[in-house]
file entry-v1.cif (mmCIF, C-alpha atoms and all ligand atoms)
data_query
#
loop_
_atom_site.group_PDB
_atom_site.id
_atom_site.type_symbol
_atom_site.label_atom_id
_atom_site.label_comp_id
_atom_site.auth_asym_id
_atom_site.auth_seq_id
_atom_site.Cartn_x
_atom_site.Cartn_y
_atom_site.Cartn_z
ATOM 1 C CA MET A 1 -31.401 264.846 20.353
ATOM 2 C CA GLN A 2 -29.194 267.799 19.527
ATOM 3 C CA ASP A 3 -32.104 270.058 18.780
ATOM 4 C CA GLU A 4 -33.896 269.012 21.918
ATOM 5 C CA THR A 5 -30.847 269.783 24.027
ATOM 6 C CA PHE A 6 -30.539 273.207 22.541
ATOM 7 C CA PHE A 7 -34.247 273.766 22.997
ATOM 8 C CA THR A 8 -34.041 272.754 26.663
ATOM 9 C CA PHE A 9 -31.344 275.345 27.301
ATOM 10 C CA ALA A 10 -33.207 278.042 25.465
ATOM 11 C CA LYS A 11 -36.543 277.259 27.056
ATOM 12 C CA LYS A 12 -35.199 277.474 30.553
ATOM 13 C CA GLY A 13 -33.823 280.878 29.760
ATOM 14 C CA ARG A 14 -30.339 279.964 30.895
ATOM 15 C CA CYS A 15 -27.194 281.322 29.389
ATOM 16 C CA LEU A 16 -27.039 280.019 25.852
ATOM 17 C CA LEU A 17 -23.257 280.074 25.711
ATOM 18 C CA PRO A 18 -22.660 276.435 26.792
ATOM 19 C CA ALA A 19 -25.236 275.211 24.325
ATOM 20 C CA ILE A 20 -23.718 277.303 21.580
ATOM 21 C CA ILE A 21 -20.262 275.883 22.353
ATOM 22 C CA VAL A 22 -21.652 272.359 22.310
ATOM 23 C CA MET A 23 -23.443 272.997 19.054
ATOM 24 C CA ALA A 24 -20.236 274.399 17.612
ATOM 25 C CA LEU A 25 -18.366 271.281 18.696
ATOM 26 C CA LEU A 26 -21.005 269.086 17.147
ATOM 27 C CA GLY A 27 -20.863 271.125 14.019
ATOM 28 C CA CYS A 28 -17.170 270.629 13.619
ATOM 29 C CA LYS A 29 -16.567 267.831 11.184
ATOM 30 C CA ASN A 30 -18.016 264.729 12.788
ATOM 31 C CA SER A 31 -21.536 263.939 11.809
ATOM 32 C CA ASN A 32 -21.430 260.527 13.598
ATOM 33 C CA SER A 33 -21.612 262.072 17.043
ATOM 34 C CA ASN A 34 -24.356 261.869 19.616
ATOM 35 C CA LEU A 35 -24.758 264.262 22.476
ATOM 36 C CA GLU A 36 -26.003 262.703 25.671
ATOM 37 C CA GLU A 37 -26.920 264.694 28.736
ATOM 38 C CA ARG A 38 -25.990 263.144 32.059
ATOM 39 C CA SER A 39 -26.701 264.510 35.525
ATOM 40 C CA THR A 40 -23.974 267.170 35.659
ATOM 41 C CA TYR A 41 -22.271 267.016 32.237
ATOM 42 C CA PHE A 42 -22.675 266.158 28.575
ATOM 43 C CA VAL A 43 -21.006 263.375 26.646
ATOM 44 C CA ASN A 44 -20.294 263.801 22.981
ATOM 45 C CA PHE A 45 -20.052 260.174 21.872
ATOM 46 C CA VAL A 46 -18.062 259.801 18.686
ATOM 47 C CA GLU A 47 -18.103 256.439 16.940
ATOM 48 C CA GLY A 48 -15.262 255.060 14.895
ATOM 49 C CA ALA A 49 -12.587 253.737 17.319
ATOM 50 C CA GLN A 50 -11.046 250.610 15.796
ATOM 51 C CA ALA A 51 -8.800 249.272 18.568
ATOM 52 C CA VAL A 52 -11.664 247.753 20.498
ATOM 53 C CA ASN A 53 -13.259 244.391 21.281
ATOM 54 C CA ASP A 54 -15.958 242.988 23.504
ATOM 55 C CA ARG A 55 -15.046 242.373 27.134
ATOM 56 C CA THR A 56 -16.706 238.967 26.859
ATOM 57 C CA ARG A 57 -14.296 236.376 25.457
ATOM 58 C CA PHE A 58 -15.411 233.173 27.154
ATOM 59 C CA LEU A 59 -18.558 231.157 27.667
ATOM 60 C CA VAL A 60 -18.512 228.904 30.734
ATOM 61 C CA PHE A 61 -20.925 226.012 31.411
ATOM 62 C CA HIS A 62 -21.770 224.725 34.877
ATOM 63 C CA TYR A 63 -24.132 222.395 36.637
ATOM 64 C CA THR A 64 -25.656 223.638 39.868
ATOM 65 C CA ALA A 65 -25.262 220.340 41.837
ATOM 66 C CA GLN A 66 -28.622 221.170 43.419
ATOM 67 C CA ASP A 67 -32.314 220.869 42.626
ATOM 68 C CA GLU A 68 -34.031 223.786 40.953
ATOM 69 C CA GLU A 69 -35.350 225.490 44.061
ATOM 70 C CA ALA A 70 -32.004 225.314 45.869
ATOM 71 C CA SER A 71 -30.223 226.444 42.687
ATOM 72 C CA MET A 72 -32.370 229.557 42.488
ATOM 73 C CA THR A 73 -31.786 230.312 46.161
ATOM 74 C CA SER A 74 -28.007 229.933 45.784
ATOM 75 C CA LEU A 75 -27.812 231.978 42.609
ATOM 76 C CA GLN A 76 -29.779 234.798 44.182
ATOM 77 C CA GLY A 77 -27.744 234.717 47.388
ATOM 78 C CA GLU A 78 -24.720 236.811 48.297
ATOM 79 C CA PHE A 79 -21.957 234.373 47.328
ATOM 80 C CA VAL A 80 -22.550 233.093 43.771
ATOM 81 C CA SER A 81 -24.421 234.107 40.647
ATOM 82 C CA ALA A 82 -24.545 233.385 36.929
ATOM 83 C CA HIS A 83 -25.899 235.248 33.955
ATOM 84 C CA TYR A 84 -28.293 232.454 33.005
ATOM 85 C CA LEU A 85 -29.916 229.366 34.478
ATOM 86 C CA ILE A 86 -31.308 226.495 32.426
ATOM 87 C CA PRO A 87 -34.239 225.016 34.405
ATOM 88 C CA GLU A 88 -34.597 221.283 34.985
ATOM 89 C CA ASN A 89 -37.468 221.105 32.483
ATOM 90 C CA PRO A 90 -37.514 224.293 30.425
ATOM 91 C CA VAL A 91 -40.962 225.318 29.227
ATOM 92 C CA PHE A 92 -41.438 226.132 25.564
ATOM 93 C CA GLN A 93 -43.412 229.046 24.182
ATOM 94 C CA ARG A 94 -44.194 228.953 20.462
ATOM 95 C CA ASP A 95 -41.607 226.129 20.157
ATOM 96 C CA LYS A 96 -38.935 228.285 21.792
ATOM 97 C CA PRO A 97 -37.394 227.320 25.138
ATOM 98 C CA VAL A 98 -37.578 229.739 28.050
ATOM 99 C CA VAL A 99 -34.291 230.261 29.920
ATOM 100 C CA ILE A 100 -33.840 232.258 33.113
ATOM 101 C CA GLN A 101 -31.610 235.335 33.187
ATOM 102 C CA LEU A 102 -30.331 236.389 36.602
ATOM 103 C CA VAL A 103 -27.583 238.888 35.760
ATOM 104 C CA ASP A 104 -27.292 241.462 32.985
ATOM 105 C CA GLU A 105 -24.657 240.350 30.454
ATOM 106 C CA LYS A 106 -22.878 243.691 30.902
ATOM 107 C CA LYS A 107 -22.348 242.891 34.571
ATOM 108 C CA ARG A 108 -19.838 240.517 36.114
ATOM 109 C CA ALA A 109 -21.478 237.397 37.569
ATOM 110 C CA TRP A 110 -19.700 235.372 40.245
ATOM 111 C CA HIS A 111 -19.607 231.900 38.712
ATOM 112 C CA ALA A 112 -16.000 231.032 37.876
ATOM 113 C CA GLY A 113 -14.062 231.848 41.057
ATOM 114 C CA VAL A 114 -10.288 231.375 40.921
ATOM 115 C CA SER A 115 -9.830 230.309 37.323
ATOM 116 C CA HIS A 116 -7.340 230.125 34.465
ATOM 117 C CA TRP A 117 -7.639 229.508 30.752
ATOM 118 C CA ASN A 118 -5.123 229.871 27.974
ATOM 119 C CA GLY A 119 -3.049 232.449 29.834
ATOM 120 C CA ARG A 120 -5.995 234.392 31.249
ATOM 121 C CA THR A 121 -7.066 234.433 34.871
ATOM 122 C CA ASN A 122 -10.186 235.345 36.848
ATOM 123 C CA LEU A 123 -12.625 234.529 34.114
ATOM 124 C CA ASN A 124 -15.516 236.230 35.904
ATOM 125 C CA ASP A 125 -14.081 239.410 34.383
ATOM 126 C CA SER A 126 -14.416 238.249 30.804
ATOM 127 C CA SER A 127 -17.058 235.542 30.555
ATOM 128 C CA ILE A 128 -20.744 234.789 30.440
ATOM 129 C CA GLY A 129 -21.707 231.995 32.857
ATOM 130 C CA ILE A 130 -24.539 229.544 32.243
ATOM 131 C CA GLU A 131 -25.690 227.258 35.057
ATOM 132 C CA ILE A 132 -27.764 224.173 34.300
ATOM 133 C CA VAL A 133 -29.951 222.570 36.941
ATOM 134 C CA ASN A 134 -28.394 219.126 37.399
ATOM 135 C CA ARG A 135 -27.532 217.246 40.589
ATOM 136 C CA GLY A 136 -23.996 216.441 39.460
ATOM 137 C CA TYR A 137 -22.998 213.050 40.830
ATOM 138 C CA ALA A 138 -23.495 210.661 43.712
ATOM 139 C CA ASP A 139 -20.990 208.064 44.958
ATOM 140 C CA ASP A 140 -22.475 204.686 45.892
ATOM 141 C CA GLU A 141 -21.424 202.414 48.785
ATOM 142 C CA GLN A 142 -18.808 200.735 46.600
ATOM 143 C CA GLY A 143 -17.315 204.136 45.860
ATOM 144 C CA LEU A 144 -18.567 204.135 42.267
ATOM 145 C CA ARG A 145 -19.516 207.534 40.938
ATOM 146 C CA HIS A 146 -22.877 207.947 39.184
ATOM 147 C CA TRP A 147 -23.570 211.069 37.149
ATOM 148 C CA TYR A 148 -27.024 212.561 36.708
ATOM 149 C CA PRO A 149 -27.995 212.908 33.044
ATOM 150 C CA TYR A 150 -29.148 216.136 31.410
ATOM 151 C CA ASN A 151 -32.643 216.359 29.911
ATOM 152 C CA ASP A 152 -32.868 216.732 26.136
ATOM 153 C CA SER A 153 -34.971 219.869 26.585
ATOM 154 C CA GLN A 154 -32.187 221.404 28.710
ATOM 155 C CA ILE A 155 -29.655 220.788 25.953
ATOM 156 C CA ILE A 156 -31.993 222.295 23.351
ATOM 157 C CA ALA A 157 -32.443 225.395 25.535
ATOM 158 C CA LEU A 158 -28.720 225.594 26.248
ATOM 159 C CA SER A 159 -27.797 225.268 22.581
ATOM 160 C CA LYS A 160 -30.135 228.084 21.511
ATOM 161 C CA LEU A 161 -28.816 230.386 24.234
ATOM 162 C CA ALA A 162 -25.162 229.479 23.612
ATOM 163 C CA GLU A 163 -25.444 229.926 19.833
ATOM 164 C CA ASP A 164 -26.798 233.417 20.346
ATOM 165 C CA ILE A 165 -24.122 234.439 22.887
ATOM 166 C CA ILE A 166 -21.283 232.987 20.786
ATOM 167 C CA GLN A 167 -22.503 234.847 17.733
ATOM 168 C CA ARG A 168 -23.071 238.172 19.500
ATOM 169 C CA TYR A 169 -19.636 238.225 21.160
ATOM 170 C CA ASN A 170 -17.742 236.330 18.472
ATOM 171 C CA ILE A 171 -16.496 233.735 20.982
ATOM 172 C CA THR A 172 -14.048 231.258 19.453
ATOM 173 C CA PRO A 173 -14.760 227.495 19.866
ATOM 174 C CA ASP A 174 -11.753 226.941 22.165
ATOM 175 C CA ASN A 175 -13.088 229.637 24.503
ATOM 176 C CA VAL A 176 -16.334 227.757 25.131
ATOM 177 C CA VAL A 177 -15.366 225.849 28.259
ATOM 178 C CA GLY A 178 -16.582 224.036 31.345
ATOM 179 C CA HIS A 179 -15.957 225.094 34.919
ATOM 180 C CA SER A 180 -13.761 221.993 35.232
ATOM 181 C CA ASP A 181 -11.574 223.238 32.355
ATOM 182 C CA ILE A 182 -10.851 226.573 33.993
ATOM 183 C CA ALA A 183 -10.641 225.278 37.597
ATOM 184 C CA PRO A 184 -9.607 221.624 37.107
ATOM 185 C CA LEU A 185 -8.102 221.219 40.577
ATOM 186 C CA ARG A 186 -11.364 221.939 42.383
ATOM 187 C CA LYS A 187 -14.325 221.570 39.990
ATOM 188 C CA GLN A 188 -15.977 218.706 38.068
ATOM 189 C CA ASP A 189 -18.873 220.523 36.431
ATOM 190 C CA PRO A 190 -20.521 220.271 33.970
ATOM 191 C CA GLY A 191 -19.461 216.620 34.399
ATOM 192 C CA LYS A 192 -18.773 213.652 32.163
ATOM 193 C CA LEU A 193 -22.361 213.377 30.822
ATOM 194 C CA PHE A 194 -22.357 216.897 29.427
ATOM 195 C CA PRO A 195 -22.765 216.470 25.626
ATOM 196 C CA TRP A 196 -19.691 218.375 24.435
ATOM 197 C CA LYS A 197 -19.415 216.410 21.192
ATOM 198 C CA ALA A 198 -23.073 216.931 20.220
ATOM 199 C CA LEU A 199 -22.804 220.638 20.997
ATOM 200 C CA ALA A 200 -19.599 220.927 18.955
ATOM 201 C CA GLN A 201 -21.466 219.373 16.028
ATOM 202 C CA MET A 202 -23.932 222.264 16.355
ATOM 203 C CA GLY A 203 -21.044 224.748 16.235
ATOM 204 C CA ILE A 204 -20.816 225.229 19.992
ATOM 205 C CA GLY A 205 -17.307 224.660 21.340
ATOM 206 C CA ALA A 206 -14.175 222.907 20.122
ATOM 207 C CA TRP A 207 -13.742 219.318 18.964
ATOM 208 C CA PRO A 208 -10.715 217.541 17.470
ATOM 209 C CA ASP A 209 -10.773 215.999 13.985
ATOM 210 C CA GLU A 210 -10.835 212.205 13.988
ATOM 211 C CA HIS A 211 -8.235 211.799 11.259
ATOM 212 C CA THR A 212 -5.805 214.114 13.084
ATOM 213 C CA ILE A 213 -6.203 212.045 16.258
ATOM 214 C CA ASN A 214 -5.340 208.929 14.235
ATOM 215 C CA THR A 215 -2.302 210.661 12.795
ATOM 216 C CA TYR A 216 -1.010 211.408 16.309
ATOM 217 C CA LEU A 217 -1.854 207.910 17.510
ATOM 218 C CA ALA A 218 0.437 206.689 14.739
ATOM 219 C CA GLY A 219 -0.782 203.120 14.994
ATOM 220 C CA ARG A 220 -0.541 202.916 18.793
ATOM 221 C CA ASN A 221 -3.294 201.231 20.789
ATOM 222 C CA PRO A 222 -5.322 204.165 22.211
ATOM 223 C CA HIS A 223 -5.300 202.598 25.682
ATOM 224 C CA THR A 224 -1.556 202.129 25.930
ATOM 225 C CA LYS A 225 0.617 204.499 27.876
ATOM 226 C CA GLY A 226 1.190 207.859 26.241
ATOM 227 C CA ASN A 227 4.129 210.187 26.631
ATOM 228 C CA ILE A 228 3.589 212.170 29.837
ATOM 229 C CA VAL A 229 6.000 214.952 28.814
ATOM 230 C CA THR A 230 4.196 215.410 25.479
ATOM 231 C CA LEU A 231 0.787 215.350 27.182
ATOM 232 C CA GLN A 232 1.766 217.889 29.854
ATOM 233 C CA GLN A 233 3.152 220.210 27.172
ATOM 234 C CA ALA A 234 0.096 219.757 24.951
ATOM 235 C CA LEU A 235 -2.425 220.461 27.725
ATOM 236 C CA LEU A 236 -0.526 223.551 28.890
ATOM 237 C CA ARG A 237 -0.498 224.811 25.321
ATOM 238 C CA TYR A 238 -4.185 224.122 24.826
ATOM 239 C CA GLY A 239 -5.176 226.215 27.832
ATOM 240 C CA TYR A 240 -4.726 224.318 31.105
ATOM 241 C CA THR A 241 -2.441 226.962 32.559
ATOM 242 C CA GLU A 242 -1.844 225.106 35.847
ATOM 243 C CA MET A 243 -0.451 221.959 34.193
ATOM 244 C CA PRO A 244 2.960 221.042 35.719
ATOM 245 C CA GLN A 245 5.839 220.444 33.321
ATOM 246 C CA ASN A 246 7.717 217.869 35.402
ATOM 247 C CA GLY A 247 7.215 214.665 33.415
ATOM 248 C CA MET A 248 5.412 213.087 36.370
ATOM 249 C CA LEU A 249 1.884 211.760 36.728
ATOM 250 C CA ASP A 250 1.425 213.550 40.041
ATOM 251 C CA ASP A 251 -1.885 214.451 41.682
ATOM 252 C CA THR A 252 -2.172 217.856 39.978
ATOM 253 C CA THR A 253 -1.369 216.380 36.568
ATOM 254 C CA ARG A 254 -3.932 213.588 37.037
ATOM 255 C CA LYS A 255 -6.674 216.024 37.993
ATOM 256 C CA ILE A 256 -6.031 218.192 34.949
ATOM 257 C CA ILE A 257 -5.899 215.170 32.626
ATOM 258 C CA SER A 258 -9.177 213.981 34.149
ATOM 259 C CA ALA A 259 -10.814 217.393 33.539
ATOM 260 C CA PHE A 260 -9.601 217.270 29.940
ATOM 261 C CA GLN A 261 -10.956 213.734 29.518
ATOM 262 C CA MET A 262 -14.355 214.762 30.917
ATOM 263 C CA HIS A 263 -14.536 217.268 28.093
ATOM 264 C CA PHE A 264 -13.003 215.358 25.188
ATOM 265 C CA ARG A 265 -12.864 211.642 26.086
ATOM 266 C CA PRO A 266 -15.566 210.953 28.679
ATOM 267 C CA ASP A 267 -15.408 207.125 28.384
ATOM 268 C CA ASP A 268 -12.413 207.005 30.709
ATOM 269 C CA THR A 269 -11.777 209.942 33.006
ATOM 270 C CA ARG A 270 -9.381 208.350 35.493
ATOM 271 C CA GLY A 271 -6.635 210.792 34.602
ATOM 272 C CA GLU A 272 -4.335 208.226 33.005
ATOM 273 C CA ALA A 273 -1.810 209.586 30.510
ATOM 274 C CA ASP A 274 -2.833 207.202 27.724
ATOM 275 C CA ALA A 275 -1.969 207.447 24.028
ATOM 276 C CA GLU A 276 -5.475 208.485 22.974
ATOM 277 C CA THR A 277 -5.601 211.406 25.431
ATOM 278 C CA GLU A 278 -2.200 212.542 24.199
ATOM 279 C CA ALA A 279 -3.347 212.296 20.554
ATOM 280 C CA ILE A 280 -6.569 214.239 21.261
ATOM 281 C CA ALA A 281 -4.619 217.028 22.972
ATOM 282 C CA CYS A 282 -2.190 217.252 20.037
ATOM 283 C CA ALA A 283 -5.059 217.232 17.519
ATOM 284 C CA LEU A 284 -6.779 220.102 19.362
ATOM 285 C CA ASN A 285 -3.576 222.130 19.352
ATOM 286 C CA GLU A 286 -3.102 221.556 15.643
ATOM 287 C CA LYS A 287 -6.627 222.854 15.026
ATOM 288 C CA TYR A 288 -6.871 225.692 17.550
ATOM 289 C CA ARG A 289 -3.308 226.582 18.600
ATOM 290 C CA PRO A 290 -1.311 226.714 15.388
ATOM 291 C CA GLU A 291 2.375 227.598 15.665
ATOM 292 C CA LYS A 292 2.893 231.311 15.220
HETATM 293 ZN ZN ZN B 301 -19.444 225.621 38.348
#
call {"tool": "encode", "arguments": {"input": "entry-v1.cif", "output": "C-alpha cells"}}
result
Amino acid sequence: MQDETFFTFAKKGRCLLPAIIVMALLGCKNSNSNLEERSTYFVNFVEGAQAVNDRTRFLVFHYTAQDEEASMTSLQGEFVSAHYLIPENPVFQRDKPVVIQLVDEKKRAWHAGVSHWNGRTNLNDSSIGIEIVNRGYADDEQGLRHWYPYNDSQIIALSKLAEDIIQRYNITPDNVVGHSDIAPLRKQDPGKLFPWKALAQMGIGAWPDEHTINTYLAGRNPHTKGNIVTLQQALLRYGYTEMPQNGMLDDTTRKIISAFQMHFRPDDTRGEADAETEAIACALNEKYRPEK
C-alpha cells in the first residue's frame, strides 16, 4: 500500500515532496500504520487506541405483526427498517438457515423508535434490530387475546443469527431485549409466545436463577400480592427506565409490569404486582445488577 502510493506519485510525475513527507511520517516509529488515500486527502490510520468500544450494545427482537410480503414492503418503505428479517419459513442451505439482511450493521436501522433501557435512550443509535415474521395477536369476540406461535425453524434461524451478533459485539445478556422491554407503554412485541427461556438456555439473553427466585419468595405463595414499592424499584433498577416510583399500581406501572411478565413470566401477563413477579425482578437484579 505504501509503496504503491509512492509509486503513483512518482509515476504521474508530480512533485514528490508530499509523498516524501508522508513516507517520512510513516517511517517515524509506528510500524502499525496504514496509509489510505481518499478523494482529496490521505489518512494515516494508526492502531492501538484502548479507550474504545463497539457502538452496538443492544440486540432488540421484534415481530412484524404482518405477513411476510407486507413485512418486506414495510421494512423497505420510508418509515421503518431493521437490520435483519427472519422469514416465516426460513429455507436451509447445507443445514444452515437463510436469514434476510436489509440494513448494513454499521448503519442505524429504524426499528426501536422512542425507547429506553437501563438509562439509555433512543436505542436505534446503539442496537441491532431483528424482525421476525409473525402476525402478533388477534382479539376474539369475547375480548380474549390469542397470540400467533413462532415456527421452530424461525427460532433456529434467530438463535444462529443472535449468537453470532452477541459474540461479535460482546453484548451482555441483559442487553438482549424485546421491543416491549424498551418501549413498554406502546409495544407488545415479540409477544408472550416468544421463547425467551429457551433462548436464554442457549446463551441468548438473561434469565433468573430458580433458587434465587425462591429465596426472594421466602415461602410466599407466588400468586399472592407482592410489594408494589419493591417491584417498582426493582424494575427501574433492572432497566425499565420509565417505571414510576409512586407505590401505586397505576396504568403506567401495570403496562411495564406486563411487559416484564411477557419476557420473564409469560403464564400471567395481566400486570399484577404479585409475589412471583417481584421475586423474579429481584433475582434478575442480583444476577445482572450487582450493588456497586
Ligand atoms: Zn417492534
call {"tool": "residues_near_point", "arguments": {"input": "entry-v1.cif", "point": "(-35.9, 229.8, 27.1)", "cutoff": "9 Å", "atoms": "only C-alpha atoms", "output": "PyMOL selection string"}}
result
chain A and resi 86-87+90-93+96-100+157-158+160-161
call {"tool": "residues_near_ligand", "arguments": {"input": "entry-v1.cif", "ligand": "ligand ZN 301 (chain B)", "cutoff": "8 Å", "atoms": "all atoms listed in the file", "output": "compact mmCIF listing (two decimals) with C-alpha atoms, keeping the file's coordinate frame"}}
result
# COMPACT_ATOMS: atom_id res chain seq x y z
CA PHE A 61 -20.92 226.01 31.41
CA HIS A 62 -21.77 224.72 34.88
CA TYR A 63 -24.13 222.40 36.64
CA THR A 64 -25.66 223.64 39.87
CA HIS A 111 -19.61 231.90 38.71
CA ALA A 112 -16.00 231.03 37.88
CA GLU A 131 -25.69 227.26 35.06
CA GLY A 178 -16.58 224.04 31.34
CA HIS A 179 -15.96 225.09 34.92
CA SER A 180 -13.76 221.99 35.23
CA LYS A 187 -14.32 221.57 39.99
CA GLN A 188 -15.98 218.71 38.07
CA ASP A 189 -18.87 220.52 36.43
CA PRO A 190 -20.52 220.27 33.97
call {"tool": "resolve_selection", "arguments": {"input": "entry-v1.cif", "expression": "the PyMOL selection byres (((chain A and resi 266) around 10) and not hetatm)", "output": "PDB file with C-alpha atoms, in the coordinates of the input"}}
result
ATOM      1  CA  GLY A 191     -19.461 216.620  34.399  1.00  0.00           C
ATOM      2  CA  LYS A 192     -18.773 213.652  32.163  1.00  0.00           C
ATOM      3  CA  LEU A 193     -22.361 213.377  30.822  1.00  0.00           C
ATOM      4  CA  PHE A 194     -22.357 216.897  29.427  1.00  0.00           C
ATOM      5  CA  PRO A 195     -22.765 216.470  25.626  1.00  0.00           C
ATOM      6  CA  TRP A 196     -19.691 218.375  24.435  1.00  0.00           C
ATOM      7  CA  SER A 258      -9.177 213.981  34.149  1.00  0.00           C
ATOM      8  CA  ALA A 259     -10.814 217.393  33.539  1.00  0.00           C
ATOM      9  CA  PHE A 260      -9.601 217.270  29.940  1.00  0.00           C
ATOM     10  CA  GLN A 261     -10.956 213.734  29.518  1.00  0.00           C
ATOM     11  CA  MET A 262     -14.355 214.762  30.917  1.00  0.00           C
ATOM     12  CA  HIS A 263     -14.536 217.268  28.093  1.00  0.00           C
ATOM     13  CA  PHE A 264     -13.003 215.358  25.188  1.00  0.00           C
ATOM     14  CA  ARG A 265     -12.864 211.642  26.086  1.00  0.00           C
ATOM     15  CA  ASP A 267     -15.408 207.125  28.384  1.00  0.00           C
ATOM     16  CA  ASP A 268     -12.413 207.005  30.709  1.00  0.00           C
ATOM     17  CA  THR A 269     -11.777 209.942  33.006  1.00  0.00           C
ATOM     18  CA  ARG A 270      -9.381 208.350  35.493  1.00  0.00           C
TER      19      ARG A 270
END
call {"tool": "atom_distance", "arguments": {"input": "entry-v1.cif", "atom1": "CA of Ile213 in chain A", "atom2": "CA of Leu144 in chain A"}}
result
29.9 Å
call {"tool": "closest_residue", "arguments": {"input": "entry-v1.cif", "among": "A:Thr253, A:Asn170, A:Thr212, A:Asn118", "to": "Asn53 in chain A", "atoms": "only C-alpha atoms"}}
result
A:Asn170
call {"tool": "resolve_selection", "arguments": {"input": "entry-v1.cif", "expression": "the PyMOL selection byres (((chain A and resi 147) around 7) and not hetatm)", "output": "count of residues only"}}
result
8
call {"tool": "residues_around", "arguments": {"input": "entry-v1.cif", "residues": "Val80 in chain A", "least_positions_apart": "4", "cutoff": "8 Å", "atoms": "all atoms listed in the file", "output": "list of chain:residue names"}}
result
A:Ser74, A:Leu75, A:Gln76, A:Ala109, A:Trp110, A:His111
call {"tool": "atom_distance", "arguments": {"input": "entry-v1.cif", "atom1": "CA of Leu123 in chain A", "atom2": "CA of Lys106 in chain A"}}
result
14.1 Å
call {"tool": "atom_distance", "arguments": {"input": "entry-v1.cif", "atom1": "CA of Pro173 in chain A", "atom2": "CA of Ile204 in chain A"}}
result
6.5 Å
call {"tool": "resolve_selection", "arguments": {"input": "entry-v1.cif", "expression": "the PyMOL selection byres (((chain A and resi 228) around 12) and not hetatm)", "output": "short mmCIF file (atom, residue, chain, number, x, y, z; two decimals) with C-alpha atoms, keeping the file's coordinate frame"}}
result
data_model
loop_
_atom_site.label_atom_id
_atom_site.label_comp_id
_atom_site.auth_asym_id
_atom_site.auth_seq_id
_atom_site.Cartn_x
_atom_site.Cartn_y
_atom_site.Cartn_z
CA THR A 224 -1.56 202.13 25.93
CA LYS A 225 0.62 204.50 27.88
CA GLY A 226 1.19 207.86 26.24
CA ASN A 227 4.13 210.19 26.63
CA VAL A 229 6.00 214.95 28.81
CA THR A 230 4.20 215.41 25.48
CA LEU A 231 0.79 215.35 27.18
CA GLN A 232 1.77 217.89 29.85
CA GLN A 233 3.15 220.21 27.17
CA ALA A 234 0.10 219.76 24.95
CA LEU A 235 -2.42 220.46 27.72
CA MET A 243 -0.45 221.96 34.19
CA PRO A 244 2.96 221.04 35.72
CA GLN A 245 5.84 220.44 33.32
CA ASN A 246 7.72 217.87 35.40
CA GLY A 247 7.22 214.66 33.42
CA MET A 248 5.41 213.09 36.37
CA LEU A 249 1.88 211.76 36.73
CA ASP A 250 1.42 213.55 40.04
CA THR A 253 -1.37 216.38 36.57
CA ARG A 254 -3.93 213.59 37.04
CA ILE A 257 -5.90 215.17 32.63
CA GLY A 271 -6.64 210.79 34.60
CA GLU A 272 -4.34 208.23 33.01
CA ALA A 273 -1.81 209.59 30.51
CA ASP A 274 -2.83 207.20 27.72
CA ALA A 275 -1.97 207.45 24.03
CA GLU A 276 -5.48 208.48 22.97
CA THR A 277 -5.60 211.41 25.43
CA GLU A 278 -2.20 212.54 24.20
CA ALA A 279 -3.35 212.30 20.55
CA ALA A 281 -4.62 217.03 22.97
#
call {"tool": "closest_residue", "arguments": {"input": "entry-v1.cif", "among": "A:Val133, A:Gln142, A:Ile280, A:Gln101", "to": "Asn214 in chain A", "atoms": "only C-alpha atoms"}}
result
A:Ile280
call {"tool": "closest_residue", "arguments": {"input": "entry-v1.cif", "among": "A:Trp207, A:Tyr150, A:Trp117, A:Tyr41", "to": "Val60 in chain A", "atoms": "only C-alpha atoms"}}
result
A:Trp117
call {"tool": "residues_around", "arguments": {"input": "entry-v1.cif", "residues": "Val176 in chain A", "least_positions_apart": "2", "cutoff": "6 Å", "atoms": "all atoms listed in the file", "output": "mmCIF file with C-alpha atoms, in the frame of the given file"}}
result
data_model
loop_
_atom_site.group_PDB
_atom_site.id
_atom_site.type_symbol
_atom_site.label_atom_id
_atom_site.label_comp_id
_atom_site.auth_asym_id
_atom_site.auth_seq_id
_atom_site.Cartn_x
_atom_site.Cartn_y
_atom_site.Cartn_z
ATOM 1 C CA PHE A 58 -15.411 233.173 27.154
ATOM 2 C CA LEU A 59 -18.558 231.157 27.667
ATOM 3 C CA PRO A 173 -14.760 227.495 19.866
ATOM 4 C CA ASP A 174 -11.753 226.941 22.165
ATOM 5 C CA GLY A 205 -17.307 224.660 21.340
#
call {"tool": "closest_residue", "arguments": {"input": "entry-v1.cif", "among": "A:Asp209, A:Asp125, A:Asp251, A:Asp152", "to": "Pro184 in chain A", "atoms": "all atoms listed in the file"}}
result
A:Asp251
call {"tool": "closest_residue", "arguments": {"input": "entry-v1.cif", "among": "A:Ile128, A:Ile156, A:Leu35, A:Leu199", "to": "Glu47 in chain A", "atoms": "all atoms listed in the file"}}
result
A:Leu35
call {"tool": "decode", "arguments": {"input": "entry-v1.cif", "residues": "range 192-196 of chain A", "atoms": "N, CA, C and O atoms", "output": "compact mmCIF listing (two decimals), in the first residue's frame"}}
result
# COMPACT_ATOMS: atom_id res chain seq x y z
N LYS A 192 -45.98 -12.74 24.06
CA LYS A 192 -45.81 -13.68 25.17
C LYS A 192 -45.44 -15.09 24.73
O LYS A 192 -45.09 -15.92 25.55
N LEU A 193 -45.50 -15.41 23.42
CA LEU A 193 -45.08 -16.74 22.97
C LEU A 193 -43.63 -16.77 22.49
O LEU A 193 -43.14 -17.80 22.06
N PHE A 194 -42.96 -15.64 22.59
CA PHE A 194 -41.55 -15.63 22.20
C PHE A 194 -40.76 -16.45 23.23
O PHE A 194 -40.90 -16.24 24.43
N PRO A 195 -39.91 -17.39 22.77
CA PRO A 195 -39.29 -18.36 23.70
C PRO A 195 -38.05 -17.83 24.42
O PRO A 195 -36.94 -18.33 24.24
N TRP A 196 -38.25 -16.82 25.27
CA TRP A 196 -37.10 -16.21 25.96
C TRP A 196 -36.31 -17.22 26.78
O TRP A 196 -35.08 -17.20 26.81
